[in-house]
Amino acid sequence: MMSTLTGMLPLVLMFVVLYFVMIRPQMRKQKEHRTMIEALAKGDEVATAGGLLGRVTRLGEGYLTLEIASGIEVQLQRSAIVQVLPKGAISSAK
């Protein structure tokens, strides 16, 4: 009985280390991204996973409309938004 527990100890210890080094930080990052996506508002300037910069013009349940140039709008999934930029960041990037 004692040898079985001693044999399992390294495996359990590796799982605990894996949880604190990899799984927990990833879960925290996902939670922060979900919070950012839910807080999006009309007029926010954002960057997408594809590298597009634009201003949010319309918000839907799972999608949003992004103005990437004057008069040019694209519809994206909310999850494609990677970063909310500071106000005025897009106009200075042009």
# chains A, B, ... in the order shown; residues from 1 in each chain; ligands from 1
$ residues_around --residues "Ile81 in chain A" --least-positions-apart "5" --cutoff "9 Å" --atoms "only C-alpha atoms" --output "count of residues only"
9
$ atom_distance --atom1 "CA of Lys31 in chain A" --atom2 "CA of Leu64 in chain A"
19.9 Å
